[in-house]
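Step one of this worksheet: look at the structure below.
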Amino acid sequence: MSKLSEQFPGTPSQYQKPLPPSSPPQTQTYLQAPNVISRSNSSQAPAASSSRSYHEIVRTLEDIKRPLELHEDVADEDDYYYDDEDGSEEGDDRFFNPALLSHIAVRLRDKVPRGTHVKGSIPYPRAFTGKDIVSTIQSQIQRELLITHGISTNDRRAALQVARSLQSQLFFYEVEWGGRVLQDGVEDVYMFLDDQEGASDARIEQEELPTAVVTLLTKCYASGCDDDSPCYSYTCPRRRDAQLVVAPTETSVEEEKDEWTSTVPPEILKTLPESEINRQTIIHKIISKEKQYIHDLDTIESLFIRPLRNASPPVIRMSDIDDFIEEVFGNVLDLRECNRRLLEVMYVRQREQAPIIHGIGDIFLEAATEFRLAYPIYVGHLPVAEKRVKDESERNAEFRLFLEQCSRHQDAHRFDLKHFLSRPSEHLQKYPVLLEAICNETTDGNPDADFLKEAIEAIKKLQTVAQLWTFQSSMGKGPSGKLEWFNLISDEVRAALPKKETKRQSVIFELIKGEMDYVKDLENIEVMYVAPLREMDPPIIPRDRLDQFIEDVFHNFAELHVHHRKMLNTFHEIQREEHPIIRSVTAAVYDAVLNFREAYMEYIPNYPIAAYRIDDEMANNPAFKQFVEQCTRHPDAHRLDMKNFINRPIPRLLRYDLLLKNILEETPEGHEDRDTIPQVLEVIKALGKESEPGVVSAKQKVEVWRYNSNLVFKTGEVIDMDLLNENRSLIHTGKLLRQPDTGFEWSGWTELFVLLFDNYLVMTKPKEKDGITKYHIYRRPIPLDLLTLANFTDPPTQRGTGLLRLGRSDRPDRHGDLSSTPGAATTPETATDSKAVYPCTIHHTGRLGGLYTLFAESLQARNEWKQKLDEAIGLRKVVQESNKVFEIETLSADTFLVPALTPGAGTPSWNAENAFTGKVTCSVPFTTADGRGLVAIGCAEGVWIGFRHDSRSMRRVLHLKMVTQCAMLEDFGIFLVLADKSLFAYHIEALVPSSPQSAHTSQTPQKLSGNKDVHFFSVGSLNGRTLVIYMKKKGLDSVFRVLEPVVGKINERTEAPRSFGSRLGLRSQRSEWFRVYRDFFLPSESFDLIFLKAKIVILCTKGFEIMDLTDFKSVTIPQRDDPRLEKLAKRCESCRPMGMFRTSQDEFLLCYDEFGLYVDRHGDPSRSLGTIEWEGTAEHVAWHPPYVLLFDTRFIEIRHVETGRLAQIIPGNDMRCLWDGRGTTNVPNTVAPGPEGWHEGASQEPRVHGVMNSAEAVPLQPVSGPRPSRPVAQHVFELIPTIPLYLPGSLSSPLQATHFSQSNSPPHSPRLNPTLSYR
């Protein structure tokens, strides 16, 4: 009892008396660690007098519905009550105070489970174990511990201390009256003194209940203390942050270092044979080792798992801690529970049969059954856990420090985490050895021998299963991953199998093992490439294209991984159930192949694209190249680079085919695989065939992108041909020859490599350097919309002698026809070269175009080029028709006629007998007050007005000569006309009355200008004002007058009676409808004026003059002061400015007649690519957001304002712009792009009118003689935006199969800054 008295001393100093309510709580009373029990003594009476008998307490609980009065000296007993309103169990919970030991004693007496327990071969009825006692007390106090102090319900230390206190006061006794301290286990058996068979309800009046106060469960004594406002004591139980000290439990059983023989009486030992002594010694050692093993598993939780979870600051990121613990420690706590139950059963057996244990084999046989559910999982997962620990240690310095500190802890005994993680595997391997040792010492006839043999066999099978799990978890890595089928089976099993079955099982195992390697490689794609690329900061690939890069390169690999992971899991399940002889895996393969078919159909065609994107990025991004090289050195990469990883799925399909055929060869007749495997092979074969067209299409697309990245333009002549468009295709490539520019043979013929895309014909000169071929642009790429085939039928000529004949060709050569320069004397070298070449003549309709003659080396090559060119031009027409951004809608087809041009003929005027109207020059749409949609069209002979799209409704309303401009102020009902350099204002009601009353409105205009000197005018809105600005020339200066309409005057004149003077047309020439708002001049020739939001832009010889009308301050763009822009400045000076349009919130496109230039808001060039060269010469520029329309006399060139990319070409004859969206107040002129630019698409309202001569009316040959020529109809039209209809798949040659999904292509060409590379 000495130890007991040391642990629970009964002196008054240890068992403190509760404080009176008037006294503040004393801190030392509540900090009695490790003991949490404080006995209560009365100052007026002995300790025994303050207690009640068991009989009295029970009577109180049953008969009196009031609080227990066990301690008269305790003030304000309400503070002790356990406040529970639900009245559980027998309705006495509200009278139960867990802080009083006597209450707990009563509950323990009532609720502890009793039964017959054997110890020392003696059965004890109505007994219970130490574990029963602790569990019962824990059930009574755990709610209070959790609610009041936040102590986990799994923490049994407080309950154990309470049980020991009850033991020290002899509330119950150990049946053998041993002096051991009560443990939370089944080693010892206890009984109550008064508990006898058949007398469970007997009440002994003399018995006294134990008394003490459980300080951990008490509430504060202070009367003014409550839950909302705890008292000042920092250990007040109501303070949630008060540090509660719970005594740590001792090791449940001290390590027994004595041999078994020292624990057995000598007289018994003498009677035992040596074999039995050895047997009992081994059993005793097994129990000792099991106790130590469980202690080590406890250490794993206390030393590693709990501190990792609770570490502050965290050792591992909080978002990863759960996954880390799950992956590293797995189900180690389940193992602990299994072995605890095993040890508990062994304790019970030891207790029952001590000192000699007769049988232990049945215990291990039952344990092996339970181990089978837990140990293989843990042991199999061990390599993964060790690798995760290693990886975390390498990259996490804090985790390394944590492990170092743990290894120095006294419980670790200098062992590291790897030792503890390997402990279950090592312990499992020791069982067969120890059990065999017991079996060897077991005498014949002992029934335990059979149990031991079965247990040994069961545990050995368990080890085999664990080895299989280890192999499966290794995923082909490490020593376990190198195991083969014969390594996992016994020699006996292998010897018993036929040779064919052995080979068949080896192939099945190879299939499973290969699948593990493949799945691991798919996982490594995410681990080695995708995740680092996303997480690196700064990023290796810019964020704005990282997602697209990952999509293009890795595509749907994650989908493949899901399918194959599922198939591998099925393989593993079959292995675990059927190992070592697997009947079939074909059903699993068949199911997987049917499921992953679509995923492979998408992945395989993407491989050429992925490989190209990797090569392209490595060639242009050194950081990415270094990253790929580092990944190649990764241990799991096996020195394979990124392209090998993304190519992995393709040969895997072929591997299935080979392995399944091998399995089929070794499968016996009558086996179901004989029927199923051919079906699977057929599906795999079909998958390969069906993916081939997609691969071909992808390779074609990659070829286009490779050419795109290797094209080299001349400085300042870059053209965005939109080659990165997902619908782009390459029709044909080949070598063609070009005759020397000089015509002198010694200058040599030029060999060209010509690329025919579906939108451009590109002539290049290849140059190879460092193994990379660059294609230098030889002539400006020709849009197929502007390409015609002139002559492909000329006879062949000799490269040496036939050039003179070709040089005398009569074909016009506007831009250096390749065959037009006369030849000169030939060199001996070329004179002997009589190889025939075949001329191919094409025509480029454009500003820099003309006739080009190239030479093919054979007739077959020329015919092929002609076929491909015809095919490409025809395809381009079909595609453009389907994807045009504007379509022509006729406004007038036959109203406006001009005579055909004949030599010496004058231009007749329009009269009643003559229908000629002269050239159409302008138009404007408008809506009348009564809602009629009309259009006004001006020409040389006056102004016509009619309904839109109704040629027959056109009527001449103004007989004016030389009309050049018209505009409509709808808000004021004023129609403006510039005729013969005079500006007039008409009331629209006078021209097209909306009611009978308005029909009498005067048609007499107000003249807004003086002499015939107005060159142009412009209408717009500025700061809420509607303004009309016209320009007159005065010498070399441009004089501007700004007019503002006066609403009152306009209405007044409309409603005023017609005077005699007005009837005679004698109205005052001074404008009364408008007032002069501003006058200013510009010392430069001006061509046009554009309204911005708050300023105006004057297009003049200096460039674009941006002016503020409030103070007339102006600035000219583009800036020309920078010496680096000297060449650009000269180019701007030589060309005429045509328009200025906003591309984004901070950028503008300046349009000249030959090119376009992007500038920022300060007027500086904003893009590195220089200028955008127009295909034609812009006579007029119109604006329909987001497109710029450039009118050449031969075609309309439509380009996207943000990229400058050619979107559409509308061919025609004598094309002119009539209305560019200005000149009316019902169309906003200051349309601005959104934050993301113009990507939202074009406005659906027409904003541009044009005119062209009808092709049908043009006579083929001039008519001679006095007979008049046929009139030429002028086709007036408006351009209506359309919604593009993109054709599915690739737009390659119709002769080639195209099966390429748009989703597999890389992103569209950059929307803003046009580039020649994806970057």
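By order of appearance in the structure tokens: chains A, B, ..., then residues from 1 within every chain, and ligands from 1 in the order shown.
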
Among range 313-500 of chain A, which residues carry a DSSP assignment of helix (DSSP H, G or I), reported as an mmCIF file with C-alpha atoms, in the first residue's frame?
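Now in result.cif:
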data_model
loop_
_atom_site.group_PDB
_atom_site.id
_atom_site.type_symbol
_atom_site.label_atom_id
_atom_site.label_comp_id
_atom_site.auth_asym_id
_atom_site.auth_seq_id
_atom_site.Cartn_x
_atom_site.Cartn_y
_atom_site.Cartn_z
ATOM 1 C CA MET A 318 -3.762 23.572 -42.728
ATOM 2 C CA SER A 319 -5.349 22.809 -46.074
ATOM 3 C CA ASP A 320 -3.023 19.813 -46.514
ATOM 4 C CA ILE A 321 -2.736 18.468 -42.967
ATOM 5 C CA ASP A 322 -5.667 16.034 -43.186
ATOM 6 C CA ASP A 323 -4.453 14.570 -46.465
ATOM 7 C CA PHE A 324 -0.910 14.336 -45.130
ATOM 8 C CA ILE A 325 -1.916 12.492 -41.965
ATOM 9 C CA GLU A 326 -4.170 10.180 -43.956
ATOM 10 C CA GLU A 327 -1.440 9.383 -46.465
ATOM 11 C CA VAL A 328 1.389 8.955 -43.934
ATOM 12 C CA PHE A 329 -0.280 7.275 -40.965
ATOM 13 C CA VAL A 332 -2.459 2.887 -37.855
ATOM 14 C CA LEU A 333 -5.047 3.677 -35.183
ATOM 15 C CA ASP A 334 -7.187 0.797 -36.466
ATOM 16 C CA LEU A 335 -4.193 -1.480 -36.007
ATOM 17 C CA ARG A 336 -3.876 -0.248 -32.451
ATOM 18 C CA GLU A 337 -7.465 -1.145 -31.717
ATOM 19 C CA CYS A 338 -6.986 -4.631 -33.209
ATOM 20 C CA ASN A 339 -3.908 -5.258 -31.081
ATOM 21 C CA ARG A 340 -5.524 -3.773 -27.995
ATOM 22 C CA ARG A 341 -8.293 -6.312 -28.349
ATOM 23 C CA LEU A 342 -5.717 -9.062 -28.841
ATOM 24 C CA LEU A 343 -3.805 -7.990 -25.720
ATOM 25 C CA GLU A 344 -7.015 -7.680 -23.770
ATOM 26 C CA VAL A 345 -8.007 -11.240 -24.667
ATOM 27 C CA MET A 346 -4.526 -12.442 -23.718
ATOM 28 C CA TYR A 347 -4.830 -10.635 -20.382
ATOM 29 C CA VAL A 348 -8.141 -12.313 -19.773
ATOM 30 C CA ARG A 349 -6.659 -15.714 -20.652
ATOM 31 C CA GLN A 350 -3.667 -14.981 -18.405
ATOM 32 C CA ARG A 351 -5.958 -13.926 -15.630
ATOM 33 C CA GLU A 352 -8.160 -16.982 -16.031
ATOM 34 C CA GLN A 353 -5.431 -19.615 -16.305
ATOM 35 C CA GLY A 361 -3.392 -20.554 -30.519
ATOM 36 C CA ASP A 362 -7.147 -19.956 -30.683
ATOM 37 C CA ILE A 363 -6.591 -16.330 -29.650
ATOM 38 C CA PHE A 364 -4.154 -15.705 -32.519
ATOM 39 C CA LEU A 365 -6.309 -17.580 -35.013
ATOM 40 C CA GLU A 366 -9.200 -15.256 -34.233
ATOM 41 C CA ALA A 367 -6.860 -12.241 -34.249
ATOM 42 C CA ALA A 368 -5.548 -13.211 -37.699
ATOM 43 C CA THR A 369 -9.093 -12.977 -39.039
ATOM 44 C CA GLU A 370 -9.411 -9.452 -37.653
ATOM 45 C CA PHE A 371 -5.894 -8.494 -38.809
ATOM 46 C CA TYR A 375 -2.820 -5.006 -41.729
ATOM 47 C CA PRO A 376 -2.588 -5.571 -45.506
ATOM 48 C CA ILE A 377 -3.918 -2.069 -46.137
ATOM 49 C CA TYR A 378 -1.370 -0.490 -43.826
ATOM 50 C CA VAL A 379 1.624 -2.585 -44.848
ATOM 51 C CA GLY A 380 0.768 -2.198 -48.522
ATOM 52 C CA HIS A 381 0.532 1.557 -48.177
ATOM 53 C CA LEU A 382 3.822 1.844 -46.267
ATOM 54 C CA PRO A 383 6.047 2.673 -49.306
ATOM 55 C CA VAL A 384 3.729 5.523 -50.239
ATOM 56 C CA ALA A 385 3.783 6.839 -46.677
ATOM 57 C CA GLU A 386 7.573 6.716 -46.502
ATOM 58 C CA LYS A 387 7.886 8.536 -49.819
ATOM 59 C CA ARG A 388 5.491 11.239 -48.701
ATOM 60 C CA VAL A 389 7.519 11.757 -45.524
ATOM 61 C CA LYS A 390 10.721 11.931 -47.556
ATOM 62 C CA ASP A 391 9.278 14.435 -50.047
ATOM 63 C CA GLU A 392 7.872 16.616 -47.284
ATOM 64 C CA SER A 393 11.179 16.549 -45.424
ATOM 65 C CA GLU A 394 13.072 17.649 -48.514
ATOM 66 C CA ARG A 395 10.940 20.695 -49.181
ATOM 67 C CA ALA A 397 12.397 22.764 -43.232
ATOM 68 C CA GLU A 398 9.878 23.151 -40.408
ATOM 69 C CA PHE A 399 8.796 19.530 -40.835
ATOM 70 C CA ARG A 400 12.433 18.389 -40.675
ATOM 71 C CA LEU A 401 12.865 20.305 -37.429
ATOM 72 C CA PHE A 402 9.653 18.779 -36.077
ATOM 73 C CA LEU A 403 10.898 15.242 -36.806
ATOM 74 C CA GLU A 404 14.243 16.017 -35.174
ATOM 75 C CA GLN A 405 12.531 17.278 -32.041
ATOM 76 C CA CYS A 406 10.269 14.202 -31.940
ATOM 77 C CA SER A 407 13.220 11.813 -32.189
ATOM 78 C CA LEU A 417 9.322 8.472 -37.679
ATOM 79 C CA LYS A 418 10.363 5.919 -40.295
ATOM 80 C CA HIS A 419 11.055 3.424 -37.509
ATOM 81 C CA PHE A 420 7.620 3.910 -36.006
ATOM 82 C CA LEU A 421 5.901 3.671 -39.401
ATOM 83 C CA SER A 422 7.674 0.354 -40.087
ATOM 84 C CA ARG A 423 6.786 -1.032 -36.637
ATOM 85 C CA PRO A 424 3.489 -2.754 -37.690
ATOM 86 C CA SER A 425 5.159 -4.489 -40.643
ATOM 87 C CA GLU A 426 8.011 -5.751 -38.471
ATOM 88 C CA HIS A 427 5.642 -6.840 -35.705
ATOM 89 C CA LEU A 428 3.469 -8.791 -38.138
ATOM 90 C CA GLN A 429 6.524 -10.689 -39.393
ATOM 91 C CA LYS A 430 7.462 -11.776 -35.828
ATOM 92 C CA TYR A 431 4.183 -13.527 -35.101
ATOM 93 C CA PRO A 432 4.906 -16.704 -37.135
ATOM 94 C CA VAL A 433 8.376 -17.036 -35.594
ATOM 95 C CA LEU A 434 7.105 -16.723 -32.039
ATOM 96 C CA LEU A 435 4.112 -18.974 -32.608
ATOM 97 C CA GLU A 436 6.293 -21.636 -34.212
ATOM 98 C CA ALA A 437 8.542 -21.485 -31.159
ATOM 99 C CA ILE A 438 5.507 -22.044 -28.928
ATOM 100 C CA CYS A 439 4.333 -24.864 -31.191
ATOM 101 C CA ASN A 440 7.717 -26.570 -30.992
ATOM 102 C CA GLU A 441 7.510 -26.573 -27.187
ATOM 103 C CA ASP A 448 -3.451 -25.881 -28.655
ATOM 104 C CA ALA A 449 -0.964 -27.337 -31.196
ATOM 105 C CA ASP A 450 -3.587 -27.497 -33.930
ATOM 106 C CA PHE A 451 -4.756 -23.983 -33.195
ATOM 107 C CA LEU A 452 -1.172 -22.753 -33.333
ATOM 108 C CA LYS A 453 -0.512 -24.357 -36.709
ATOM 109 C CA GLU A 454 -3.669 -22.861 -38.177
ATOM 110 C CA ALA A 455 -2.812 -19.454 -36.719
ATOM 111 C CA ILE A 456 0.720 -19.634 -38.188
ATOM 112 C CA GLU A 457 -0.666 -20.502 -41.617
ATOM 113 C CA ALA A 458 -3.293 -17.742 -41.404
ATOM 114 C CA ILE A 459 -0.710 -15.110 -40.482
ATOM 115 C CA LYS A 460 1.641 -16.265 -43.231
ATOM 116 C CA LYS A 461 -1.200 -15.865 -45.733
ATOM 117 C CA LEU A 462 -1.773 -12.478 -44.217
ATOM 118 C CA GLN A 463 1.846 -11.619 -44.942
ATOM 119 C CA THR A 464 1.399 -12.744 -48.528
ATOM 120 C CA VAL A 465 -1.638 -10.533 -48.895
ATOM 121 C CA ALA A 466 0.286 -7.676 -47.301
ATOM 122 C CA GLN A 467 3.124 -8.233 -49.776
ATOM 123 C CA LEU A 468 0.596 -8.060 -52.610
ATOM 124 C CA TRP A 469 -0.787 -4.822 -51.186
ATOM 125 C CA THR A 470 2.762 -3.480 -50.958
ATOM 126 C CA PHE A 471 3.304 -4.312 -54.602
ATOM 127 C CA GLN A 472 0.049 -2.638 -55.584
ATOM 128 C CA SER A 473 0.772 0.490 -53.569
ATOM 129 C CA SER A 474 4.269 0.832 -54.989
ATOM 130 C CA GLY A 478 11.049 0.992 -55.528
ATOM 131 C CA PRO A 479 12.020 -2.611 -54.775
ATOM 132 C CA SER A 480 8.392 -3.662 -54.303
ATOM 133 C CA GLY A 481 7.507 -2.342 -57.732
ATOM 134 C CA TRP A 485 4.364 -12.814 -60.352
ATOM 135 C CA PHE A 486 6.673 -15.658 -59.309
ATOM 136 C CA ASN A 487 8.071 -13.483 -56.481
ATOM 137 C CA LEU A 488 4.620 -13.272 -54.910
ATOM 138 C CA ASP A 491 7.423 -22.495 -54.971
ATOM 139 C CA GLU A 492 4.848 -25.153 -54.164
ATOM 140 C CA VAL A 493 2.057 -23.260 -55.928
ATOM 141 C CA ARG A 494 4.192 -22.534 -58.954
ATOM 142 C CA ALA A 495 5.341 -26.143 -59.247
ATOM 143 C CA ALA A 496 1.761 -27.371 -59.177
ATOM 144 C CA LYS A 499 3.468 -24.465 -67.944
ATOM 145 C CA LYS A 500 0.835 -22.716 -70.102
#

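The space between CA of Ala105 in chain A and CA of Arg156 in chain A spans 17.0 Å.
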
Polymer residues at most 7 Å from Leu786 in chain A, only C-alpha atoms, same-chain spacing of 4 or more positions, as a list in words: Ile782, His844, Thr845 and Gly846 of chain A

Would you mind exporting C-alpha atoms of the selected residues as a CSV table (one decimal), in the first residue's frame?
chain,number,residue,atom,x,y,z
A,782,ILE,CA,-1.7,37.7,-102.0
A,844,HIS,CA,-2.9,40.2,-107.9
A,845,THR,CA,-5.7,42.9,-107.8
A,846,GLY,CA,-4.3,45.3,-105.4

Near-Met642 in chain A list (12 Å; only C-alpha atoms; drop same-chain fewer than 5 positions) as a ChimeraX atom specification: /A:521-522,524-526,528-530,553-554,607,610-615,618,624-634,637,647-648

Hey, can you spit out that residue selection with C-alpha atoms as a compact mmCIF listing (two decimals), in the first residue's frame?
# COMPACT_ATOMS: atom_id res chain seq x y z
CA ASP A 521 2.97 8.27 -65.38
CA LEU A 522 -0.42 9.93 -65.88
CA ASN A 524 3.25 12.33 -62.76
CA ILE A 525 2.00 14.58 -65.57
CA GLU A 526 0.01 16.45 -62.95
CA MET A 528 5.74 17.10 -62.45
CA TYR A 529 4.30 19.47 -65.03
CA VAL A 530 0.76 20.79 -64.61
CA VAL A 553 -0.41 20.35 -74.35
CA PHE A 554 -2.02 18.08 -71.76
CA TYR A 607 -0.76 14.93 -79.77
CA ALA A 610 0.82 19.28 -78.06
CA ALA A 611 4.23 18.35 -79.44
CA TYR A 612 4.31 21.51 -81.56
CA ARG A 613 3.35 23.72 -78.65
CA ILE A 614 6.13 22.22 -76.52
CA ASP A 615 8.73 22.70 -79.27
CA MET A 618 11.03 25.71 -75.75
CA PHE A 624 10.38 26.87 -70.02
CA LYS A 625 13.21 24.98 -71.67
CA GLN A 626 15.11 24.94 -68.38
CA PHE A 627 11.97 23.77 -66.58
CA VAL A 628 11.54 20.84 -68.99
CA GLU A 629 15.18 19.85 -68.59
CA GLN A 630 14.84 19.92 -64.80
CA CYS A 631 11.75 17.73 -64.99
CA THR A 632 13.66 15.25 -67.14
CA ARG A 633 16.06 14.79 -64.22
CA HIS A 634 13.19 14.03 -61.83
CA ALA A 637 10.83 10.75 -65.14
CA ASN A 647 2.87 10.49 -75.95
CA ARG A 648 2.48 7.72 -73.34

Give me the residues of range 942-1036 of chain A that have any atom at most 10 Å from an atom of range 1211-1220 of chain A; for each, the nearest atom pair and the distance in Å, rounded to one decimal. Use only C-alpha atoms, sort by chain and number, and format it as JSON lines.
{"residue": "A:Thr964", "atom": "CA", "partner": "A:Leu1218", "partner_atom": "CA", "distance": 9.4}
{"residue": "A:Gln965", "atom": "CA", "partner": "A:Leu1218", "partner_atom": "CA", "distance": 8.6}
{"residue": "A:Cys966", "atom": "CA", "partner": "A:Trp1219", "partner_atom": "CA", "distance": 9.1}
{"residue": "A:Ala967", "atom": "CA", "partner": "A:Trp1219", "partner_atom": "CA", "distance": 9.3}

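The interatomic distance for the pair CA of Phe972 in chain A and CA of Thr890 in chain A works out to 28.4 Å.
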
Polymer residues at most 9 Å from Arg107 in chain A, only C-alpha atoms, same-chain spacing of 5 or more positions, as a ChimeraX atom specification: /A:96,102,112,136-137,140

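Put simply, CA of Thr129 in chain A is 17.3 Å away from CA of Ile104 in chain A.
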
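Shell of Glu501 in chain A at 9 Å, with only C-alpha atoms counted and residues fewer than 6 places along the chain excluded, is Ile581, Glu666, Thr667 and Pro668 of chain A.
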
Nearest residue to Ala158 in chain A from the set A:Leu217, A:Pro210, A:Pro1165, A:Ile888 (distances using only C-alpha atoms): A:Leu217

Interface rows for range 252-295 of chain A against range 300-306 of chain A: nearest pair, Å to one decimal, 12 Å, only C-alpha atoms, as CSV:
residue,atom,partner,partner_atom,distance
A:Tyr293,CA,A:Ile300,CA,10.8
A:Ile294,CA,A:Ile300,CA,9.8
A:His295,CA,A:Ile300,CA,8.8

Could you take the residues named above and write them with all heavy atoms, as a PDB file, in the first residue's frame?
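Output below, filename out12.pdb:
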ATOM      1  N   TYR A 293       4.486  -3.003 -28.173  1.00  0.00           N
ATOM      2  CA  TYR A 293       4.026  -2.625 -29.505  1.00  0.00           C
ATOM      3  C   TYR A 293       2.874  -1.629 -29.420  1.00  0.00           C
ATOM      4  O   TYR A 293       2.859  -0.603 -30.130  1.00  0.00           O
ATOM      5  CB  TYR A 293       3.606  -3.885 -30.252  1.00  0.00           C
ATOM      6  CG  TYR A 293       2.959  -3.627 -31.593  1.00  0.00           C
ATOM      7  CD1 TYR A 293       3.590  -2.871 -32.572  1.00  0.00           C
ATOM      8  CD2 TYR A 293       1.701  -4.152 -31.887  1.00  0.00           C
ATOM      9  CE1 TYR A 293       2.991  -2.653 -33.804  1.00  0.00           C
ATOM     10  CE2 TYR A 293       1.102  -3.944 -33.119  1.00  0.00           C
ATOM     11  CZ  TYR A 293       1.748  -3.182 -34.076  1.00  0.00           C
ATOM     12  OH  TYR A 293       1.161  -2.958 -35.298  1.00  0.00           O
ATOM     13  N   ILE A 294       1.909  -1.909 -28.527  1.00  0.00           N
ATOM     14  CA  ILE A 294       0.787  -0.978 -28.377  1.00  0.00           C
ATOM     15  C   ILE A 294       1.285   0.353 -27.840  1.00  0.00           C
ATOM     16  O   ILE A 294       0.809   1.431 -28.234  1.00  0.00           O
ATOM     17  CB  ILE A 294      -0.283  -1.592 -27.461  1.00  0.00           C
ATOM     18  CG1 ILE A 294      -0.937  -2.786 -28.164  1.00  0.00           C
ATOM     19  CG2 ILE A 294      -1.343  -0.560 -27.093  1.00  0.00           C
ATOM     20  CD1 ILE A 294      -1.922  -3.535 -27.318  1.00  0.00           C
ATOM     21  N   HIS A 295       2.267   0.305 -26.949  1.00  0.00           N
ATOM     22  CA  HIS A 295       2.842   1.554 -26.443  1.00  0.00           C
ATOM     23  C   HIS A 295       3.468   2.352 -27.592  1.00  0.00           C
ATOM     24  O   HIS A 295       3.333   3.587 -27.656  1.00  0.00           O
ATOM     25  CB  HIS A 295       3.892   1.251 -25.380  1.00  0.00           C
ATOM     26  CG  HIS A 295       4.622   2.471 -24.898  1.00  0.00           C
ATOM     27  ND1 HIS A 295       4.026   3.422 -24.108  1.00  0.00           N
ATOM     28  CD2 HIS A 295       5.890   2.903 -25.114  1.00  0.00           C
ATOM     29  CE1 HIS A 295       4.882   4.385 -23.849  1.00  0.00           C
ATOM     30  NE2 HIS A 295       6.034   4.096 -24.442  1.00  0.00           N
TER      31      HIS A 295
END

Selection: 12 Å around Met968 in chain A, only C-alpha atoms, excl. self and same-chain fewer than 4 positions, as a PyMOL selection string: chain A and resi 923-928+934-937+972-978+984-988+1018-1020+1026-1028+1219+1221-1227

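Between Glu208 in chain A and the residues A:Gln505, A:Leu170, A:Arg372, A:Thr1177, the shortest atom-to-atom distance, using only C-alpha atoms, involves A:Leu170.
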
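For the set A:Val214, A:Ile360, A:Glu515, A:Ile1029, the residue with the smallest atom-to-atom gap to Ile286 in chain A is A:Ile360, counting only C-alpha atoms.
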